[in-house]
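Read through the structure below, which is laid out as structure tokens, and then see the notes.
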Amino acid sequence: MNEEERAAALTFVKLGGSLITDKAAAYTARPEVIARLAEEVRKALDADASMRLMLGHGSGSYGHWAAEPYGTVVGVETRAQWRGYAEVAAAAARLNRLVTDGFLEAGVPTLSLQPSASAVCRDGVVRHLDVRPIRAALGHGLVPLVYGDVALDEVRGGTIASTEDLFAYLAGELRPARILLLGRVAGVLNNDDEVIPSITPDSYARWRHALTGSDAVDVTGGMRDKVTQMVDLVSDQPSVQVRIMSGQEPGLLTRVLLGEDGDTGTLITA
């Protein structure tokens, strides 16, 4: 992607829940990591004022810990489960407030948009999300922010829409050029803990056996589900490039946003 194309393109950036929280400890954020990532985004925006970004973040030790006792992701039916649905939404919103405040304090014009206010799923797949506020935010030079949240479901009653679920739906509406998924690992790892440099729909079967779920509480799956979903996304939308990369290396996010360090992490393309 040349400089002109990058300036006109939209990039989705996800801050993984394992990156901005301690997923092994309930309701434990990493404010210093949030602050650093916010500074890195601001530096990229300062260097390229035409850059268009949409942010997302996982629920980490907030939404996942709240959801596990109720089994929210598989369905919401009983009175107790609907109470749990409300508790999960509140937990996810608490983390979102920390992220939003951190980015605003860093000078990033962030507008938080609550997914559960409009999201509707069908058997776990996002079928509707109001994109009008997102389009308006982008049109006014803001950086919209979505996050893993509960959602009504036409089959299950209620469920959880992960950030990847939301990105998959929004990619069809907003047509980003890039999706960056930041976590605590350097990329997708093989059985020898080496980064797999690239994955395509054709090569995915070769690597599938090496992918695992999450070691911590994660009701929406781990790396395996993430990669599967992104492979499906690029199959449907071949113009999109997905990069799974580390959010732990200081300065890396800024460089990647500006088109540098193009070989970092794992690139998923059609």
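Chain labels run A, B, ... following the order of the structure tokens; each chain numbers its residues from 1, and ligands are numbered from 1 in the order shown.
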Can I get the residues of range 32-149 of chain A within 6 Å of range 9-18 of chain A, each with the closest pair of atoms and their distance in Å to one decimal, using only C-alpha atoms, sorted chain first then ascending number, as a Markdown table?
```
| residue | atom | partner | partner_atom | distance |
| --- | --- | --- | --- | --- |
| A:Arg52 | CA | A:Leu10 | CA | 4.9 |
| A:Leu53 | CA | A:Thr11 | CA | 5.0 |
| A:Met54 | CA | A:Phe12 | CA | 4.8 |
| A:Leu55 | CA | A:Val13 | CA | 4.9 |
| A:Gly56 | CA | A:Lys14 | CA | 4.5 |
| A:His57 | CA | A:Leu15 | CA | 4.5 |
| A:Gly58 | CA | A:Gly17 | CA | 4.2 |
| A:Ser59 | CA | A:Gly17 | CA | 5.2 |
| A:Gly60 | CA | A:Gly17 | CA | 3.7 |
```
Given the selection you just returned, output its residues as a file containing C-alpha atoms, formatted as a short mmCIF file (atom, residue, chain, number, x, y, z; two decimals), in the first residue's frame.
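Here's the written file result-v5.cif:
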```
data_model
loop_
_atom_site.label_atom_id
_atom_site.label_comp_id
_atom_site.auth_asym_id
_atom_site.auth_seq_id
_atom_site.Cartn_x
_atom_site.Cartn_y
_atom_site.Cartn_z
CA ARG A 52 -8.79 7.06 9.45
CA LEU A 53 -9.07 4.65 12.37
CA MET A 54 -11.71 2.65 14.16
CA LEU A 55 -10.74 1.12 17.49
CA GLY A 56 -12.07 -1.90 19.30
CA HIS A 57 -11.09 -3.70 22.47
CA GLY A 58 -11.76 -7.02 24.10
CA SER A 59 -13.48 -7.45 27.46
CA GLY A 60 -10.61 -9.30 29.09
#
```
If DSSP is run on the backbone, what residues of range 21-209 of chain A are helix (DSSP H, G or I)? A reply as JSON, numbers by chain would be ideal. {"A": [31, 32, 33, 34, 35, 36, 37, 38, 39, 40, 41, 42, 43, 44, 45, 46, 47, 60, 61, 62, 63, 64, 65, 66, 67, 68, 69, 70, 72, 73, 74, 79, 80, 81, 82, 83, 84, 85, 86, 87, 88, 89, 90, 91, 92, 93, 94, 95, 96, 97, 98, 99, 100, 101, 102, 103, 104, 105, 115, 116, 117, 132, 133, 134, 135, 136, 137, 138, 139, 163, 164, 165, 166, 167, 168, 169, 170, 171, 172, 173, 174, 204, 205, 206, 207, 208, 209]}
Restrict the selected residues to C-alpha atoms and save them as a PDB file, in the first residue's frame.
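The resulting file, selection20.pdb, is shown below:
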```
ATOM      1  CA  PRO A  31      -3.828   1.179  32.822  1.00  0.00           C
ATOM      2  CA  GLU A  32      -0.175   1.664  31.938  1.00  0.00           C
ATOM      3  CA  VAL A  33      -0.594  -0.463  28.811  1.00  0.00           C
ATOM      4  CA  ILE A  34      -3.764   1.393  27.828  1.00  0.00           C
ATOM      5  CA  ALA A  35      -1.946   4.725  28.253  1.00  0.00           C
ATOM      6  CA  ARG A  36       1.031   3.594  26.170  1.00  0.00           C
ATOM      7  CA  LEU A  37      -1.131   2.298  23.323  1.00  0.00           C
ATOM      8  CA  ALA A  38      -3.131   5.518  23.358  1.00  0.00           C
ATOM      9  CA  GLU A  39       0.089   7.519  22.997  1.00  0.00           C
ATOM     10  CA  GLU A  40       1.170   5.319  20.093  1.00  0.00           C
ATOM     11  CA  VAL A  41      -2.121   5.908  18.292  1.00  0.00           C
ATOM     12  CA  ARG A  42      -1.867   9.662  18.904  1.00  0.00           C
ATOM     13  CA  LYS A  43       1.657   9.730  17.491  1.00  0.00           C
ATOM     14  CA  ALA A  44       0.464   7.972  14.344  1.00  0.00           C
ATOM     15  CA  LEU A  45      -2.415  10.426  13.936  1.00  0.00           C
ATOM     16  CA  ASP A  46      -0.062  13.372  14.501  1.00  0.00           C
ATOM     17  CA  ALA A  47       2.280  12.032  11.812  1.00  0.00           C
ATOM     18  CA  GLY A  60     -10.605  -9.298  29.093  1.00  0.00           C
ATOM     19  CA  SER A  61     -11.011  -9.977  32.787  1.00  0.00           C
ATOM     20  CA  TYR A  62     -14.150  -7.818  32.911  1.00  0.00           C
ATOM     21  CA  GLY A  63     -16.782  -9.190  30.526  1.00  0.00           C
ATOM     22  CA  HIS A  64     -15.372 -12.727  30.362  1.00  0.00           C
ATOM     23  CA  TRP A  65     -15.297 -13.191  34.127  1.00  0.00           C
ATOM     24  CA  ALA A  66     -18.798 -11.758  34.477  1.00  0.00           C
ATOM     25  CA  ALA A  67     -20.175 -13.963  31.680  1.00  0.00           C
ATOM     26  CA  GLU A  68     -18.691 -17.329  32.629  1.00  0.00           C
ATOM     27  CA  PRO A  69     -21.033 -18.163  35.569  1.00  0.00           C
ATOM     28  CA  TYR A  70     -24.108 -17.518  33.449  1.00  0.00           C
ATOM     29  CA  THR A  72     -24.106 -15.937  28.431  1.00  0.00           C
ATOM     30  CA  VAL A  73     -22.408 -16.705  25.117  1.00  0.00           C
ATOM     31  CA  VAL A  74     -24.453 -19.885  24.546  1.00  0.00           C
ATOM     32  CA  ARG A  79     -34.478 -14.702  34.848  1.00  0.00           C
ATOM     33  CA  ALA A  80     -31.069 -15.327  36.415  1.00  0.00           C
ATOM     34  CA  GLN A  81     -29.423 -15.443  32.978  1.00  0.00           C
ATOM     35  CA  TRP A  82     -31.010 -12.146  31.967  1.00  0.00           C
ATOM     36  CA  ARG A  83     -29.708 -10.602  35.176  1.00  0.00           C
ATOM     37  CA  GLY A  84     -26.307 -11.982  34.230  1.00  0.00           C
ATOM     38  CA  TYR A  85     -26.720 -10.454  30.768  1.00  0.00           C
ATOM     39  CA  ALA A  86     -27.115  -7.043  32.419  1.00  0.00           C
ATOM     40  CA  GLU A  87     -24.115  -7.655  34.684  1.00  0.00           C
ATOM     41  CA  VAL A  88     -21.914  -8.616  31.726  1.00  0.00           C
ATOM     42  CA  ALA A  89     -22.945  -5.438  29.885  1.00  0.00           C
ATOM     43  CA  ALA A  90     -22.072  -3.360  32.942  1.00  0.00           C
ATOM     44  CA  ALA A  91     -18.675  -5.048  33.357  1.00  0.00           C
ATOM     45  CA  ALA A  92     -17.774  -4.554  29.689  1.00  0.00           C
ATOM     46  CA  ALA A  93     -18.824  -0.896  29.936  1.00  0.00           C
ATOM     47  CA  ARG A  94     -16.583  -0.335  32.979  1.00  0.00           C
ATOM     48  CA  LEU A  95     -13.524  -1.448  31.046  1.00  0.00           C
ATOM     49  CA  ASN A  96     -14.626   0.574  28.043  1.00  0.00           C
ATOM     50  CA  ARG A  97     -14.774   3.696  30.228  1.00  0.00           C
ATOM     51  CA  LEU A  98     -11.153   3.131  31.267  1.00  0.00           C
ATOM     52  CA  VAL A  99     -10.050   2.707  27.652  1.00  0.00           C
ATOM     53  CA  THR A 100     -12.057   5.687  26.401  1.00  0.00           C
ATOM     54  CA  ASP A 101     -10.733   7.954  29.145  1.00  0.00           C
ATOM     55  CA  GLY A 102      -7.167   6.783  28.537  1.00  0.00           C
ATOM     56  CA  PHE A 103      -7.337   7.574  24.835  1.00  0.00           C
ATOM     57  CA  LEU A 104      -9.010  10.944  25.365  1.00  0.00           C
ATOM     58  CA  GLU A 105      -6.347  11.877  27.912  1.00  0.00           C
ATOM     59  CA  PRO A 115     -22.576  -2.272  20.669  1.00  0.00           C
ATOM     60  CA  SER A 116     -25.409  -3.740  22.783  1.00  0.00           C
ATOM     61  CA  ALA A 117     -27.528  -0.653  22.087  1.00  0.00           C
ATOM     62  CA  ARG A 132     -24.641   5.425  11.179  1.00  0.00           C
ATOM     63  CA  PRO A 133     -22.938   6.757  14.344  1.00  0.00           C
ATOM     64  CA  ILE A 134     -19.663   5.158  13.241  1.00  0.00           C
ATOM     65  CA  ARG A 135     -19.859   6.731   9.778  1.00  0.00           C
ATOM     66  CA  ALA A 136     -20.707  10.102  11.325  1.00  0.00           C
ATOM     67  CA  ALA A 137     -17.796   9.873  13.766  1.00  0.00           C
ATOM     68  CA  LEU A 138     -15.355   9.071  10.965  1.00  0.00           C
ATOM     69  CA  GLY A 139     -16.779  11.860   8.838  1.00  0.00           C
ATOM     70  CA  THR A 163     -14.744  -7.520  18.982  1.00  0.00           C
ATOM     71  CA  GLU A 164     -13.840  -9.869  16.123  1.00  0.00           C
ATOM     72  CA  ASP A 165     -17.561 -10.562  15.594  1.00  0.00           C
ATOM     73  CA  LEU A 166     -18.197  -6.826  15.396  1.00  0.00           C
ATOM     74  CA  PHE A 167     -15.227  -6.235  13.099  1.00  0.00           C
ATOM     75  CA  ALA A 168     -16.379  -9.017  10.780  1.00  0.00           C
ATOM     76  CA  TYR A 169     -19.786  -7.361  10.409  1.00  0.00           C
ATOM     77  CA  LEU A 170     -18.426  -3.826  10.174  1.00  0.00           C
ATOM     78  CA  ALA A 171     -15.844  -4.814   7.581  1.00  0.00           C
ATOM     79  CA  GLY A 172     -18.699  -5.565   5.207  1.00  0.00           C
ATOM     80  CA  GLU A 173     -20.227  -2.145   5.868  1.00  0.00           C
ATOM     81  CA  LEU A 174     -17.136   0.064   6.089  1.00  0.00           C
ATOM     82  CA  TYR A 204      -5.006 -22.562   6.921  1.00  0.00           C
ATOM     83  CA  ALA A 205      -5.526 -26.335   7.115  1.00  0.00           C
ATOM     84  CA  ARG A 206      -1.757 -26.751   7.457  1.00  0.00           C
ATOM     85  CA  TRP A 207      -1.656 -24.627  10.599  1.00  0.00           C
ATOM     86  CA  ARG A 208      -5.019 -25.400  12.191  1.00  0.00           C
ATOM     87  CA  HIS A 209      -3.640 -28.169  14.430  1.00  0.00           C
TER      88      HIS A 209
END
```
Please, what distance in Å, to one decimal, runs between CA of Ser235 in chain A and CA of Ala270 in chain A? 5.6 Å
Using only C-alpha atoms, pick whichever of A:Pro197, A:Gly262, A:Pro176, A:Gly158 has the shortest atom-to-atom distance to Val125 in chain A. A:Gly158
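Relative to CA of Ala106 in chain A, CA of Val188 in chain A is found at 29.7 Å.
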Pick out the residues sitting within 12 Å of Pro201 in chain A, and hand them over as an MDAnalysis selection string; count only C-alpha atoms, and ignore anything fewer than 6 positions along from it in its own chain. chainID A and resid 207:208 227:238 267:270
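The residue that comes closest to His140 in chain A, out of A:Leu111, A:Met245, A:Ile20, A:Val76 and on the basis of only C-alpha atoms, is A:Leu111.
You can rank A:Val242, A:Ile196, A:Ala119, A:Met51 by their closest distance to Lys226 in chain A using only C-alpha atoms, and at the top of that list sits A:Val242.
Atom to atom, CA of Ile199 in chain A and CA of Gly183 in chain A stand 17.4 Å apart.
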Write out as a PDB file with N, CA and C atoms, in the first residue's frame all residues of range 132-192 of chain A that DSSP puts in strand (DSSP E) for this structure's backbone.
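Done, and the output landed in states-v3.pdb:
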```
ATOM      1  N   VAL A 143     -12.439   9.181  16.248  1.00  0.00           N
ATOM      2  CA  VAL A 143     -12.020   7.779  16.213  1.00  0.00           C
ATOM      3  C   VAL A 143     -13.068   6.967  16.971  1.00  0.00           C
ATOM      4  N   PRO A 144     -13.981   6.293  16.249  1.00  0.00           N
ATOM      5  CA  PRO A 144     -15.003   5.491  16.936  1.00  0.00           C
ATOM      6  C   PRO A 144     -14.383   4.300  17.642  1.00  0.00           C
ATOM      7  N   LEU A 145     -14.987   3.927  18.763  1.00  0.00           N
ATOM      8  CA  LEU A 145     -14.482   2.816  19.576  1.00  0.00           C
ATOM      9  C   LEU A 145     -15.636   1.884  19.929  1.00  0.00           C
ATOM     10  N   VAL A 146     -15.518   0.617  19.522  1.00  0.00           N
ATOM     11  CA  VAL A 146     -16.483  -0.414  19.898  1.00  0.00           C
ATOM     12  C   VAL A 146     -15.770  -1.425  20.786  1.00  0.00           C
ATOM     13  N   TYR A 147     -16.532  -2.372  21.338  1.00  0.00           N
ATOM     14  CA  TYR A 147     -15.905  -3.320  22.261  1.00  0.00           C
ATOM     15  C   TYR A 147     -16.770  -4.566  22.394  1.00  0.00           C
ATOM     16  N   ASP A 149     -19.242  -7.065  23.738  1.00  0.00           N
ATOM     17  CA  ASP A 149     -20.401  -6.685  24.534  1.00  0.00           C
ATOM     18  C   ASP A 149     -21.477  -7.758  24.384  1.00  0.00           C
ATOM     19  N   VAL A 150     -22.505  -7.675  25.213  1.00  0.00           N
ATOM     20  CA  VAL A 150     -23.655  -8.558  25.037  1.00  0.00           C
ATOM     21  C   VAL A 150     -24.455  -8.096  23.818  1.00  0.00           C
ATOM     22  N   ALA A 151     -25.296  -8.987  23.299  1.00  0.00           N
ATOM     23  CA  ALA A 151     -26.152  -8.651  22.163  1.00  0.00           C
ATOM     24  C   ALA A 151     -27.394  -9.522  22.211  1.00  0.00           C
ATOM     25  N   LEU A 152     -28.511  -8.979  21.766  1.00  0.00           N
ATOM     26  CA  LEU A 152     -29.714  -9.781  21.611  1.00  0.00           C
ATOM     27  C   LEU A 152     -29.494 -10.785  20.495  1.00  0.00           C
ATOM     28  N   ASP A 153     -30.122 -11.955  20.621  1.00  0.00           N
ATOM     29  CA  ASP A 153     -29.935 -13.017  19.631  1.00  0.00           C
ATOM     30  C   ASP A 153     -31.289 -13.627  19.285  1.00  0.00           C
ATOM     31  N   GLY A 157     -31.717 -15.896  22.407  1.00  0.00           N
ATOM     32  CA  GLY A 157     -32.220 -14.900  23.347  1.00  0.00           C
ATOM     33  C   GLY A 157     -31.220 -13.785  23.534  1.00  0.00           C
ATOM     34  N   GLY A 158     -30.057 -14.158  24.008  1.00  0.00           N
ATOM     35  CA  GLY A 158     -28.951 -13.225  24.141  1.00  0.00           C
ATOM     36  C   GLY A 158     -27.648 -13.964  23.972  1.00  0.00           C
ATOM     37  N   THR A 159     -26.582 -13.243  23.709  1.00  0.00           N
ATOM     38  CA  THR A 159     -25.266 -13.855  23.533  1.00  0.00           C
ATOM     39  C   THR A 159     -24.213 -12.787  23.766  1.00  0.00           C
ATOM     40  N   ILE A 160     -22.972 -13.089  23.410  1.00  0.00           N
ATOM     41  CA  ILE A 160     -21.889 -12.116  23.472  1.00  0.00           C
ATOM     42  C   ILE A 160     -21.329 -11.938  22.070  1.00  0.00           C
ATOM     43  N   ALA A 161     -21.178 -10.692  21.663  1.00  0.00           N
ATOM     44  CA  ALA A 161     -20.532 -10.360  20.389  1.00  0.00           C
ATOM     45  C   ALA A 161     -19.111  -9.901  20.700  1.00  0.00           C
ATOM     46  N   ARG A 178      -7.227  -2.493   6.294  1.00  0.00           N
ATOM     47  CA  ARG A 178      -6.420  -3.278   7.226  1.00  0.00           C
ATOM     48  C   ARG A 178      -7.178  -3.499   8.527  1.00  0.00           C
ATOM     49  N   ILE A 179      -6.905  -4.634   9.132  1.00  0.00           N
ATOM     50  CA  ILE A 179      -7.369  -4.920  10.489  1.00  0.00           C
ATOM     51  C   ILE A 179      -6.148  -5.372  11.282  1.00  0.00           C
ATOM     52  N   LEU A 180      -5.842  -4.662  12.358  1.00  0.00           N
ATOM     53  CA  LEU A 180      -4.720  -5.009  13.221  1.00  0.00           C
ATOM     54  C   LEU A 180      -5.281  -5.545  14.528  1.00  0.00           C
ATOM     55  N   LEU A 181      -4.885  -6.757  14.883  1.00  0.00           N
ATOM     56  CA  LEU A 181      -5.333  -7.389  16.122  1.00  0.00           C
ATOM     57  C   LEU A 181      -4.134  -7.514  17.049  1.00  0.00           C
ATOM     58  N   LEU A 182      -4.120  -6.751  18.128  1.00  0.00           N
ATOM     59  CA  LEU A 182      -2.983  -6.701  19.040  1.00  0.00           C
ATOM     60  C   LEU A 182      -3.243  -7.559  20.271  1.00  0.00           C
ATOM     61  N   GLY A 183      -2.245  -8.363  20.617  1.00  0.00           N
ATOM     62  CA  GLY A 183      -2.334  -9.198  21.807  1.00  0.00           C
ATOM     63  C   GLY A 183      -1.022  -9.229  22.541  1.00  0.00           C
TER      64      GLY A 183
END
```
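When the distance limit is 8 Å and only C-alpha atoms are what count, the residues near range 192-195 of chain A, minus those fewer than 6 positions from it on the same chain, are Ala186, Gly265 and Thr266 of chain A.
Across A:Pro109, A:Gly124, A:Gly251, A:Gly187, the tightest approach to Gly141 in chain A is made by A:Pro109 when counting only C-alpha atoms.
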If we count only C-alpha atoms, what is near Arg122 in chain A at a cut-off of 8 Å, once residues fewer than 6 positions away on the same chain are taken out, given as number ranges by chain? A: 153-156
